[in-house]
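Peer 1: What follows is final-v9.txt; its format and atoms are compact mmCIF, C-alpha atoms.
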```
# COMPACT_ATOMS: atom_id res chain seq x y z
CA MET A 1 15.73 -7.58 5.89
CA ALA A 2 15.97 -10.25 3.22
CA GLU A 3 13.61 -12.32 5.37
CA LEU A 4 10.59 -10.19 4.53
CA SER A 5 9.09 -13.07 2.58
CA ILE A 6 9.00 -15.25 5.71
CA HIS A 7 7.03 -12.76 7.79
CA HIS A 8 3.57 -12.90 6.32
CA ILE A 9 0.19 -14.48 6.89
CA THR A 10 -2.23 -15.71 4.24
CA ARG A 11 -5.89 -16.34 3.60
CA PRO A 12 -6.32 -18.80 0.74
CA SER A 13 -8.75 -18.09 -2.06
CA SER A 14 -11.99 -19.98 -2.74
CA ILE A 15 -10.47 -20.49 -6.21
CA LYS A 16 -7.93 -23.31 -6.49
CA GLU A 17 -5.79 -21.66 -9.16
CA ASN A 18 -5.21 -18.32 -10.84
CA ALA A 19 -6.76 -16.40 -7.93
CA PRO A 20 -6.56 -12.61 -7.78
CA LEU A 21 -3.90 -11.63 -5.22
CA LEU A 22 -4.23 -8.94 -2.56
CA ILE A 23 -1.12 -7.92 -0.61
CA MET A 24 -1.57 -5.85 2.56
CA LEU A 25 0.98 -3.36 3.87
CA HIS A 26 0.38 -2.10 7.41
CA GLY A 27 1.24 1.29 8.91
CA TYR A 28 4.11 2.50 11.07
CA GLY A 29 4.38 0.69 14.40
CA SER A 30 1.89 -2.03 13.53
CA ASP A 31 2.21 -5.59 12.18
CA GLU A 32 0.75 -8.07 9.71
CA ASN A 33 -2.34 -8.74 11.85
CA ASP A 34 -3.64 -5.17 11.60
CA LEU A 35 -5.10 -4.95 8.09
CA PHE A 36 -5.65 -8.73 8.07
CA SER A 37 -8.73 -8.02 10.18
CA PHE A 38 -10.34 -6.85 6.90
CA ALA A 39 -9.77 -10.25 5.26
CA SER A 40 -12.99 -11.94 6.37
CA GLU A 41 -15.03 -9.08 4.89
CA LEU A 42 -13.31 -9.11 1.49
CA PRO A 43 -14.28 -11.20 -1.56
CA GLU A 44 -13.68 -14.94 -1.10
CA GLU A 45 -11.93 -15.32 -4.44
CA LEU A 46 -9.05 -13.10 -3.28
CA PHE A 47 -5.87 -14.81 -2.13
CA ILE A 48 -4.79 -12.45 0.65
CA ILE A 49 -1.26 -12.00 2.00
CA SER A 50 -0.49 -9.58 4.81
CA LEU A 51 3.17 -8.61 5.21
CA ARG A 52 5.13 -7.57 8.27
CA ALA A 53 7.46 -4.61 7.69
CA PRO A 54 11.16 -5.48 7.96
CA TYR A 55 12.30 -3.05 10.67
CA PRO A 56 11.34 -4.07 14.24
CA MET A 57 10.50 -1.26 16.65
CA GLN A 58 10.81 -1.11 20.41
CA PRO A 59 8.96 -2.20 22.47
CA PHE A 60 6.75 -3.65 19.72
CA GLY A 61 5.55 -3.10 16.18
CA ASN A 62 7.36 -2.74 12.88
CA ALA A 63 8.16 -0.05 10.32
CA TRP A 64 8.81 0.03 6.60
CA TYR A 65 11.32 2.81 7.34
CA ALA A 66 12.40 4.93 10.28
CA ILE A 67 10.81 8.28 11.03
CA ASN A 68 13.11 10.52 13.05
CA PHE A 69 11.98 13.51 15.10
CA ASP A 70 14.33 16.37 15.92
CA ALA A 71 14.20 18.94 18.71
CA GLU A 72 12.19 21.40 16.61
CA HIS A 73 9.47 18.79 16.20
CA ASN A 74 10.24 18.38 12.56
CA LYS A 75 10.50 14.87 11.25
CA TRP A 76 12.34 13.24 8.42
CA ASN A 77 12.03 9.86 6.77
CA ASP A 78 14.87 7.40 6.24
CA ASN A 79 14.54 7.27 2.45
CA GLU A 80 17.28 4.67 2.14
CA GLN A 81 15.27 2.27 4.30
CA ALA A 82 12.08 3.22 2.46
CA THR A 83 13.64 2.49 -0.92
CA ALA A 84 14.97 -0.85 0.36
CA SER A 85 11.47 -1.76 1.58
CA ARG A 86 9.99 -0.70 -1.76
CA ASP A 87 12.32 -3.07 -3.57
CA LEU A 88 11.74 -5.88 -1.07
CA ILE A 89 7.99 -5.67 -1.61
CA ALA A 90 8.50 -5.80 -5.38
CA GLN A 91 10.69 -8.87 -4.92
CA PHE A 92 8.08 -10.44 -2.65
CA ILE A 93 5.41 -10.02 -5.32
CA ASP A 94 7.50 -12.21 -7.64
CA GLU A 95 8.04 -14.78 -4.87
CA ALA A 96 4.34 -14.89 -4.06
CA CYS A 97 3.44 -15.49 -7.71
CA ASP A 98 5.93 -18.37 -7.82
CA THR A 99 4.75 -19.86 -4.51
CA TYR A 100 0.96 -19.52 -4.46
CA PRO A 101 -1.81 -20.37 -7.01
CA VAL A 102 -2.40 -16.73 -7.96
CA ASN A 103 -2.85 -14.72 -11.13
CA LYS A 104 0.23 -12.54 -11.69
CA ASP A 105 -1.90 -10.32 -13.93
CA ASN A 106 -4.40 -9.47 -11.20
CA ILE A 107 -2.50 -8.10 -8.21
CA THR A 108 -3.75 -5.51 -5.75
CA LEU A 109 -1.77 -3.68 -3.06
CA LEU A 110 -3.68 -2.42 -0.02
CA GLY A 111 -1.70 -0.08 2.21
CA PHE A 112 -2.47 2.08 5.21
CA SER A 113 -0.41 5.15 6.17
CA GLN A 114 3.27 4.18 5.76
CA GLY A 115 2.08 1.06 3.93
CA SER A 116 0.09 3.31 1.62
CA ILE A 117 3.18 5.42 0.88
CA LEU A 118 5.04 2.20 0.00
CA SER A 119 2.14 1.01 -2.15
CA TYR A 120 2.38 4.17 -4.25
CA ALA A 121 6.16 3.74 -4.49
CA VAL A 122 6.01 0.09 -5.58
CA ALA A 123 3.33 0.72 -8.20
CA LEU A 124 4.99 3.80 -9.67
CA THR A 125 8.46 2.19 -9.70
CA TYR A 126 7.39 -1.30 -10.85
CA PRO A 127 4.13 -0.70 -12.75
CA ASN A 128 4.40 -4.05 -14.51
CA LYS A 129 4.09 -5.95 -11.21
CA VAL A 130 0.73 -4.66 -9.94
CA ASN A 131 -2.70 -3.61 -11.20
CA ASN A 132 -4.83 -2.09 -8.46
CA ILE A 133 -3.71 0.01 -5.51
CA ILE A 134 -5.82 0.85 -2.47
CA ALA A 135 -3.95 3.68 -0.75
CA LEU A 136 -5.51 4.57 2.61
CA SER A 137 -4.35 7.61 4.60
CA GLY A 138 -1.08 8.07 2.72
CA TYR A 139 0.52 10.24 0.06
CA VAL A 140 2.99 10.06 -2.83
CA SER A 141 6.54 10.46 -1.52
CA GLU A 142 8.54 11.56 -4.54
CA ASP A 143 11.79 11.02 -2.60
CA ILE A 144 11.44 7.25 -3.05
CA LEU A 145 10.42 7.27 -6.73
CA PRO A 146 12.63 7.09 -9.81
CA GLU A 147 13.72 10.51 -11.05
CA ASN A 148 11.97 10.25 -14.39
CA LEU A 149 8.57 8.55 -14.31
CA ASN A 150 7.33 9.50 -17.77
CA PRO A 151 8.89 6.65 -19.79
CA ASN A 152 6.98 4.07 -17.70
CA ASP A 153 3.83 2.40 -18.97
CA TYR A 154 1.13 3.00 -16.35
CA THR A 155 -1.85 1.88 -18.44
CA LYS A 156 -2.62 -1.18 -16.28
CA LEU A 157 -2.60 0.77 -12.99
CA ASP A 158 -5.74 1.91 -11.19
CA PHE A 159 -5.68 3.66 -7.79
CA TYR A 160 -8.26 4.04 -5.04
CA CYS A 161 -7.01 6.78 -2.72
CA SER A 162 -8.69 7.96 0.47
CA HIS A 163 -7.92 10.16 3.44
CA GLY A 164 -9.46 11.48 6.61
CA SER A 165 -10.30 15.18 6.35
CA VAL A 166 -9.17 15.72 9.95
CA ASP A 167 -6.14 13.40 9.87
CA GLN A 168 -3.79 14.48 12.67
CA VAL A 169 -0.86 12.29 11.52
CA ILE A 170 -0.62 12.87 7.76
CA PRO A 171 -2.15 16.23 6.74
CA VAL A 172 -5.00 15.90 4.26
CA GLU A 173 -3.31 18.63 2.17
CA TRP A 174 -0.57 16.13 1.32
CA ALA A 175 -3.10 13.59 0.10
CA ARG A 176 -4.98 16.21 -1.93
CA LYS A 177 -1.94 16.55 -4.18
CA THR A 178 -2.32 12.92 -5.28
CA PRO A 179 -5.05 13.29 -7.94
CA LYS A 180 -3.08 15.94 -9.86
CA PHE A 181 0.08 13.86 -9.58
CA LEU A 182 -1.68 10.79 -11.03
CA GLU A 183 -3.51 12.83 -13.68
CA ALA A 184 -0.17 14.18 -14.94
CA LEU A 185 0.87 10.57 -15.61
CA ASN A 186 -2.52 9.64 -17.13
CA ILE A 187 -3.13 7.08 -14.37
CA LYS A 188 -6.68 5.97 -13.59
CA HIS A 189 -7.71 6.84 -10.04
CA LYS A 190 -10.50 7.63 -7.59
CA TYR A 191 -9.96 9.96 -4.60
CA SER A 192 -12.26 10.17 -1.58
CA GLU A 193 -12.23 11.95 1.77
CA PHE A 194 -14.07 11.00 4.93
CA PRO A 195 -14.74 13.08 8.09
CA VAL A 196 -12.35 11.08 10.28
CA GLY A 197 -8.79 11.25 11.61
CA HIS A 198 -5.99 8.81 10.85
CA GLY A 199 -8.07 5.71 10.32
CA VAL A 200 -10.51 3.87 8.07
CA ALA A 201 -14.18 4.76 8.51
CA PRO A 202 -16.79 2.05 7.79
CA GLN A 203 -18.01 4.04 4.75
CA ASN A 204 -14.40 4.13 3.54
CA PHE A 205 -14.10 0.35 3.84
CA TYR A 206 -17.37 -0.29 1.99
CA GLU A 207 -16.39 2.10 -0.79
CA PHE A 208 -12.97 0.57 -1.45
CA ARG A 209 -14.45 -2.95 -1.22
CA THR A 210 -17.01 -2.05 -3.89
CA TRP A 211 -14.25 -0.46 -5.99
CA LEU A 212 -12.11 -3.60 -5.65
CA ASN A 213 -15.03 -5.91 -6.46
CA ASP A 214 -15.36 -4.20 -9.83
CA LYS A 215 -11.70 -4.97 -10.61
CA LEU A 216 -11.83 -8.71 -9.92
```
Kindly return the structure encoded in the file as structure tokens.
Peer 2:
Amino acid sequence: MAELSIHHITRPSSIKENAPLLIMLHGYGSDENDLFSFASELPEELFIISLRAPYPMQPFGNAWYAINFDAEHNKWNDNEQATASRDLIAQFIDEACDTYPVNKDNITLLGFSQGSILSYAVALTYPNKVNNIIALSGYVSEDILPENLNPNDYTKLDFYCSHGSVDQVIPVEWARKTPKFLEALNIKHKYSEFPVGHGVAPQNFYEFRTWLNDKL
């Protein structure tokens, strides 16, 4: 697991130094190439890093944490693995800032599904490490957050959250709780829904790209 920092791919910025950094976190059962397909359509000044989750799956793919299904078709998350991944990503942010010519004060996380859940967790646990969060088709999992969030300073955080209104993997009702959760912490955010399942509609992509452009 400590090798998370090795398993990533990058797209350098058009800027030689102090570039805004975008870190991508893929969904359950995928890999670093998935969200990286967005890279060519995102602003050239972004230095983009796409991470591979630390837990290999069989026969292929990777996970940020295990999801276990029991006989009653209920499922539960391995919160110990999820918390370890949360902390590894936070550690990777520091390593990336030391390794690449990026601006440590302009860092965006872009996560899909399980990667979105981890993006929320990293930002809410380590709010000093990131600025903008694009959380696609995920939700806030309070099980992997610190017990008391209120003492944290969340003034530099800004969230773009979106979900498919007919998502068959993560119920849209879970995502709809996010705005109230963020409002209670006085965190800036935008929430959108699109008439799709568990995926990113073209309109969704264009909207978060426009949102991100305004933050650079």
Peer 1: Hey, can you check how far CA of Phe159 (chain A) sits from CA of Lys190 (chain A)?
Peer 2: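 Computing the Euclidean distance for CA of Phe159 (chain A) and CA of Lys190 (chain A) yields 6.2 Å.
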Peer 1: Region 18-22 of chain A: which residues within 12 Å, counting only C-alpha atoms, same-chain residues fewer than 2 positions away excluded, as a compact mmCIF listing (two decimals) with C-alpha atoms, in the frame of the given file?
Peer 2:
```
# COMPACT_ATOMS: atom_id res chain seq x y z
CA ILE A 9 0.19 -14.48 6.89
CA THR A 10 -2.23 -15.71 4.24
CA ARG A 11 -5.89 -16.34 3.60
CA PRO A 12 -6.32 -18.80 0.74
CA SER A 13 -8.75 -18.09 -2.06
CA SER A 14 -11.99 -19.98 -2.74
CA ILE A 15 -10.47 -20.49 -6.21
CA LYS A 16 -7.93 -23.31 -6.49
CA MET A 24 -1.57 -5.85 2.56
CA LEU A 25 0.98 -3.36 3.87
CA LEU A 35 -5.10 -4.95 8.09
CA PHE A 36 -5.65 -8.73 8.07
CA PHE A 38 -10.34 -6.85 6.90
CA ALA A 39 -9.77 -10.25 5.26
CA LEU A 42 -13.31 -9.11 1.49
CA PRO A 43 -14.28 -11.20 -1.56
CA GLU A 44 -13.68 -14.94 -1.10
CA GLU A 45 -11.93 -15.32 -4.44
CA LEU A 46 -9.05 -13.10 -3.28
CA PHE A 47 -5.87 -14.81 -2.13
CA ILE A 48 -4.79 -12.45 0.65
CA ILE A 49 -1.26 -12.00 2.00
CA SER A 50 -0.49 -9.58 4.81
CA LEU A 51 3.17 -8.61 5.21
CA ILE A 93 5.41 -10.02 -5.32
CA ASP A 94 7.50 -12.21 -7.64
CA ALA A 96 4.34 -14.89 -4.06
CA CYS A 97 3.44 -15.49 -7.71
CA ASP A 98 5.93 -18.37 -7.82
CA THR A 99 4.75 -19.86 -4.51
CA TYR A 100 0.96 -19.52 -4.46
CA PRO A 101 -1.81 -20.37 -7.01
CA VAL A 102 -2.40 -16.73 -7.96
CA ASN A 103 -2.85 -14.72 -11.13
CA LYS A 104 0.23 -12.54 -11.69
CA ASP A 105 -1.90 -10.32 -13.93
CA ASN A 106 -4.40 -9.47 -11.20
CA ILE A 107 -2.50 -8.10 -8.21
CA THR A 108 -3.75 -5.51 -5.75
CA LEU A 109 -1.77 -3.68 -3.06
CA LEU A 110 -3.68 -2.42 -0.02
CA GLY A 111 -1.70 -0.08 2.21
CA SER A 119 2.14 1.01 -2.15
CA LYS A 129 4.09 -5.95 -11.21
CA VAL A 130 0.73 -4.66 -9.94
CA ASN A 131 -2.70 -3.61 -11.20
CA ASN A 132 -4.83 -2.09 -8.46
CA ILE A 133 -3.71 0.01 -5.51
CA ILE A 134 -5.82 0.85 -2.47
CA ARG A 209 -14.45 -2.95 -1.22
CA LEU A 212 -12.11 -3.60 -5.65
CA ASN A 213 -15.03 -5.91 -6.46
CA LYS A 215 -11.70 -4.97 -10.61
CA LEU A 216 -11.83 -8.71 -9.92
```
Peer 1: Counting all atoms listed in the file, figure out which residue out of A:Pro202, A:Gly197, A:Pro179, A:Pro56 gets nearest to Cys161 (chain A).
Peer 2: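 Looking only at the distances to Cys161 (chain A), the closest residue turns out to be A:Pro179.
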Peer 1: Just how far from CA of Glu207 (chain A) is CA of Ala123 (chain A), in Å to one decimal?
Peer 2: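 So the answer is 21.1 Å.
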Peer 1: Between A:Leu118, A:Ile67, A:Ala90, A:Ala135, which residue has the minimum interatomic distance to Thr178 (chain A), considering all atoms listed in the file?
Peer 2: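 Selected residue with least distance to Thr178 (chain A): A:Ala135.
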Peer 1: Counting all atoms listed in the file, what is within 12 Å of Asn148 (chain A), bar same-chain residues fewer than 6 positions away, as a CSV table (one decimal) with C-alpha atoms, in the coordinates of the input?
Peer 2:
```csv
chain,number,residue,atom,x,y,z
A,124,LEU,CA,5.0,3.8,-9.7
A,125,THR,CA,8.5,2.2,-9.7
A,142,GLU,CA,8.5,11.6,-4.5
A,185,LEU,CA,0.9,10.6,-15.6
```
Peer 1: Could you check how far CA of Ser141 (chain A) sits from CA of Ser30 (chain A), in Å to one decimal?
Peer 2: 20.1 Å
Peer 1: Measuring between all atoms listed in the file, which one of A:Gly164, A:Gly115, A:Pro127, A:Gly61 shows the shortest distance to Val140 (chain A)?
Peer 2: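 Closest to Val140 (chain A), using all atoms listed in the file: A:Gly115.
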Peer 1: Extending 3 Å beyond the listed atoms of region 151-169 of chain A on each side, what axis-aligned box results? I want centre and edge lengths in Å to one decimal, as JSON.
Peer 2:
```
{"center_x": -0.7, "center_y": 7.3, "center_z": -3.6, "size_x": 25.2, "size_y": 22.9, "size_z": 38.5}
```
Peer 1: So which one's closest to Val172 (chain A), A:Trp76, A:Phe194, A:Tyr55, A:Tyr120? Using all atoms listed in the file, please.
Peer 2: A:Phe194
Peer 1: Excluding Ser113 (chain A) and its own-chain neighbours fewer than 5 positions away, which residues fall within 7 Å of it when counting all atoms listed in the file? Please give them as a list in words.
Peer 2: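 In the requested format, the answer is Gly27, Leu136, Ser137 and Gly138 of chain A.
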Peer 1: Can I get the selected residues back with C-alpha atoms, as a CSV table (one decimal), in the coordinates of the input?
Peer 2:
```csv
chain,number,residue,atom,x,y,z
A,27,GLY,CA,1.2,1.3,8.9
A,136,LEU,CA,-5.5,4.6,2.6
A,137,SER,CA,-4.4,7.6,4.6
A,138,GLY,CA,-1.1,8.1,2.7
```
Peer 1: How would region 175-186 of chain A look with all heavy atoms restored, written as a PDB file, keeping the file's coordinate frame?
Peer 2:
```pdb
ATOM      1  N   ALA A 175      -2.348  14.565   0.900  1.00  0.00           N
ATOM      2  CA  ALA A 175      -3.100  13.590   0.100  1.00  0.00           C
ATOM      3  C   ALA A 175      -3.813  14.258  -1.068  1.00  0.00           C
ATOM      4  O   ALA A 175      -3.982  13.660  -2.134  1.00  0.00           O
ATOM      5  CB  ALA A 175      -4.109  12.865   0.991  1.00  0.00           C
ATOM      6  N   ARG A 176      -4.238  15.505  -0.871  1.00  0.00           N
ATOM      7  CA  ARG A 176      -4.980  16.210  -1.930  1.00  0.00           C
ATOM      8  C   ARG A 176      -4.133  16.501  -3.153  1.00  0.00           C
ATOM      9  O   ARG A 176      -4.664  16.853  -4.212  1.00  0.00           O
ATOM     10  CB  ARG A 176      -5.571  17.508  -1.370  1.00  0.00           C
ATOM     11  CG  ARG A 176      -6.758  17.263  -0.452  1.00  0.00           C
ATOM     12  CD  ARG A 176      -7.266  18.524   0.201  1.00  0.00           C
ATOM     13  NE  ARG A 176      -8.418  18.244   1.058  1.00  0.00           N
ATOM     14  CZ  ARG A 176      -8.845  19.055   2.016  1.00  0.00           C
ATOM     15  NH1 ARG A 176      -8.221  20.210   2.238  1.00  0.00           N
ATOM     16  NH2 ARG A 176      -9.890  18.723   2.748  1.00  0.00           N
ATOM     17  N   LYS A 177      -2.823  16.367  -3.027  1.00  0.00           N
ATOM     18  CA  LYS A 177      -1.940  16.550  -4.180  1.00  0.00           C
ATOM     19  C   LYS A 177      -1.937  15.319  -5.093  1.00  0.00           C
ATOM     20  O   LYS A 177      -1.495  15.382  -6.236  1.00  0.00           O
ATOM     21  CB  LYS A 177      -0.508  16.823  -3.708  1.00  0.00           C
ATOM     22  CG  LYS A 177      -0.353  18.119  -2.932  1.00  0.00           C
ATOM     23  CD  LYS A 177       1.072  18.268  -2.415  1.00  0.00           C
ATOM     24  CE  LYS A 177       1.241  19.541  -1.586  1.00  0.00           C
ATOM     25  NZ  LYS A 177       2.592  19.641  -1.004  1.00  0.00           N
ATOM     26  N   THR A 178      -2.410  14.193  -4.557  1.00  0.00           N
ATOM     27  CA  THR A 178      -2.320  12.920  -5.280  1.00  0.00           C
ATOM     28  C   THR A 178      -3.075  12.914  -6.600  1.00  0.00           C
ATOM     29  O   THR A 178      -2.513  12.481  -7.620  1.00  0.00           O
ATOM     30  CB  THR A 178      -2.798  11.760  -4.379  1.00  0.00           C
ATOM     31  OG1 THR A 178      -2.035  11.772  -3.170  1.00  0.00           O
ATOM     32  CG2 THR A 178      -2.622  10.432  -5.078  1.00  0.00           C
ATOM     33  N   PRO A 179      -4.341  13.360  -6.652  1.00  0.00           N
ATOM     34  CA  PRO A 179      -5.050  13.290  -7.940  1.00  0.00           C
ATOM     35  C   PRO A 179      -4.326  14.006  -9.071  1.00  0.00           C
ATOM     36  O   PRO A 179      -4.210  13.463 -10.176  1.00  0.00           O
ATOM     37  CB  PRO A 179      -6.405  13.959  -7.618  1.00  0.00           C
ATOM     38  CG  PRO A 179      -6.610  13.689  -6.164  1.00  0.00           C
ATOM     39  CD  PRO A 179      -5.237  13.793  -5.558  1.00  0.00           C
ATOM     40  N   LYS A 180      -3.798  15.209  -8.801  1.00  0.00           N
ATOM     41  CA  LYS A 180      -3.080  15.940  -9.860  1.00  0.00           C
ATOM     42  C   LYS A 180      -1.818  15.200 -10.282  1.00  0.00           C
ATOM     43  O   LYS A 180      -1.462  15.166 -11.464  1.00  0.00           O
ATOM     44  CB  LYS A 180      -2.727  17.355  -9.384  1.00  0.00           C
ATOM     45  CG  LYS A 180      -3.896  18.309  -9.387  1.00  0.00           C
ATOM     46  CD  LYS A 180      -3.466  19.719  -9.013  1.00  0.00           C
ATOM     47  CE  LYS A 180      -4.660  20.670  -9.051  1.00  0.00           C
ATOM     48  NZ  LYS A 180      -4.294  22.038  -8.618  1.00  0.00           N
ATOM     49  N   PHE A 181      -1.142  14.616  -9.293  1.00  0.00           N
ATOM     50  CA  PHE A 181       0.080  13.860  -9.580  1.00  0.00           C
ATOM     51  C   PHE A 181      -0.246  12.688 -10.519  1.00  0.00           C
ATOM     52  O   PHE A 181       0.460  12.451 -11.510  1.00  0.00           O
ATOM     53  CB  PHE A 181       0.693  13.343  -8.277  1.00  0.00           C
ATOM     54  CG  PHE A 181       1.989  12.616  -8.444  1.00  0.00           C
ATOM     55  CD1 PHE A 181       3.206  13.288  -8.399  1.00  0.00           C
ATOM     56  CD2 PHE A 181       2.016  11.232  -8.657  1.00  0.00           C
ATOM     57  CE1 PHE A 181       4.405  12.619  -8.561  1.00  0.00           C
ATOM     58  CE2 PHE A 181       3.205  10.556  -8.819  1.00  0.00           C
ATOM     59  CZ  PHE A 181       4.404  11.247  -8.768  1.00  0.00           C
ATOM     60  N   LEU A 182      -1.300  11.950 -10.211  1.00  0.00           N
ATOM     61  CA  LEU A 182      -1.680  10.790 -11.030  1.00  0.00           C
ATOM     62  C   LEU A 182      -2.217  11.221 -12.386  1.00  0.00           C
ATOM     63  O   LEU A 182      -1.937  10.581 -13.404  1.00  0.00           O
ATOM     64  CB  LEU A 182      -2.699   9.935 -10.281  1.00  0.00           C
ATOM     65  CG  LEU A 182      -2.202   9.303  -8.966  1.00  0.00           C
ATOM     66  CD1 LEU A 182      -3.338   8.577  -8.258  1.00  0.00           C
ATOM     67  CD2 LEU A 182      -1.029   8.349  -9.208  1.00  0.00           C
ATOM     68  N   GLU A 183      -2.980  12.318 -12.403  1.00  0.00           N
ATOM     69  CA  GLU A 183      -3.510  12.830 -13.680  1.00  0.00           C
ATOM     70  C   GLU A 183      -2.384  13.188 -14.636  1.00  0.00           C
ATOM     71  O   GLU A 183      -2.479  12.936 -15.845  1.00  0.00           O
ATOM     72  CB  GLU A 183      -4.377  14.067 -13.432  1.00  0.00           C
ATOM     73  CG  GLU A 183      -5.780  13.757 -12.955  1.00  0.00           C
ATOM     74  CD  GLU A 183      -6.469  14.969 -12.347  1.00  0.00           C
ATOM     75  OE1 GLU A 183      -6.004  16.108 -12.599  1.00  0.00           O
ATOM     76  OE2 GLU A 183      -7.462  14.773 -11.614  1.00  0.00           O
ATOM     77  N   ALA A 184      -1.303  13.768 -14.103  1.00  0.00           N
ATOM     78  CA  ALA A 184      -0.170  14.180 -14.940  1.00  0.00           C
ATOM     79  C   ALA A 184       0.477  12.978 -15.631  1.00  0.00           C
ATOM     80  O   ALA A 184       1.109  13.121 -16.687  1.00  0.00           O
ATOM     81  CB  ALA A 184       0.861  14.923 -14.105  1.00  0.00           C
ATOM     82  N   LEU A 185       0.307  11.794 -15.033  1.00  0.00           N
ATOM     83  CA  LEU A 185       0.870  10.570 -15.610  1.00  0.00           C
ATOM     84  C   LEU A 185      -0.200   9.738 -16.327  1.00  0.00           C
ATOM     85  O   LEU A 185       0.054   8.600 -16.732  1.00  0.00           O
ATOM     86  CB  LEU A 185       1.520   9.729 -14.497  1.00  0.00           C
ATOM     87  CG  LEU A 185       2.737  10.364 -13.812  1.00  0.00           C
ATOM     88  CD1 LEU A 185       3.094   9.620 -12.538  1.00  0.00           C
ATOM     89  CD2 LEU A 185       3.939  10.412 -14.759  1.00  0.00           C
ATOM     90  N   ASN A 186      -1.387  10.322 -16.472  1.00  0.00           N
ATOM     91  CA  ASN A 186      -2.520   9.640 -17.130  1.00  0.00           C
ATOM     92  C   ASN A 186      -2.855   8.298 -16.460  1.00  0.00           C
ATOM     93  O   ASN A 186      -3.128   7.306 -17.136  1.00  0.00           O
ATOM     94  CB  ASN A 186      -2.235   9.427 -18.625  1.00  0.00           C
ATOM     95  CG  ASN A 186      -2.148  10.733 -19.374  1.00  0.00           C
ATOM     96  OD1 ASN A 186      -3.019  11.590 -19.232  1.00  0.00           O
ATOM     97  ND2 ASN A 186      -1.085  10.903 -20.146  1.00  0.00           N
TER      98      ASN A 186
END
```
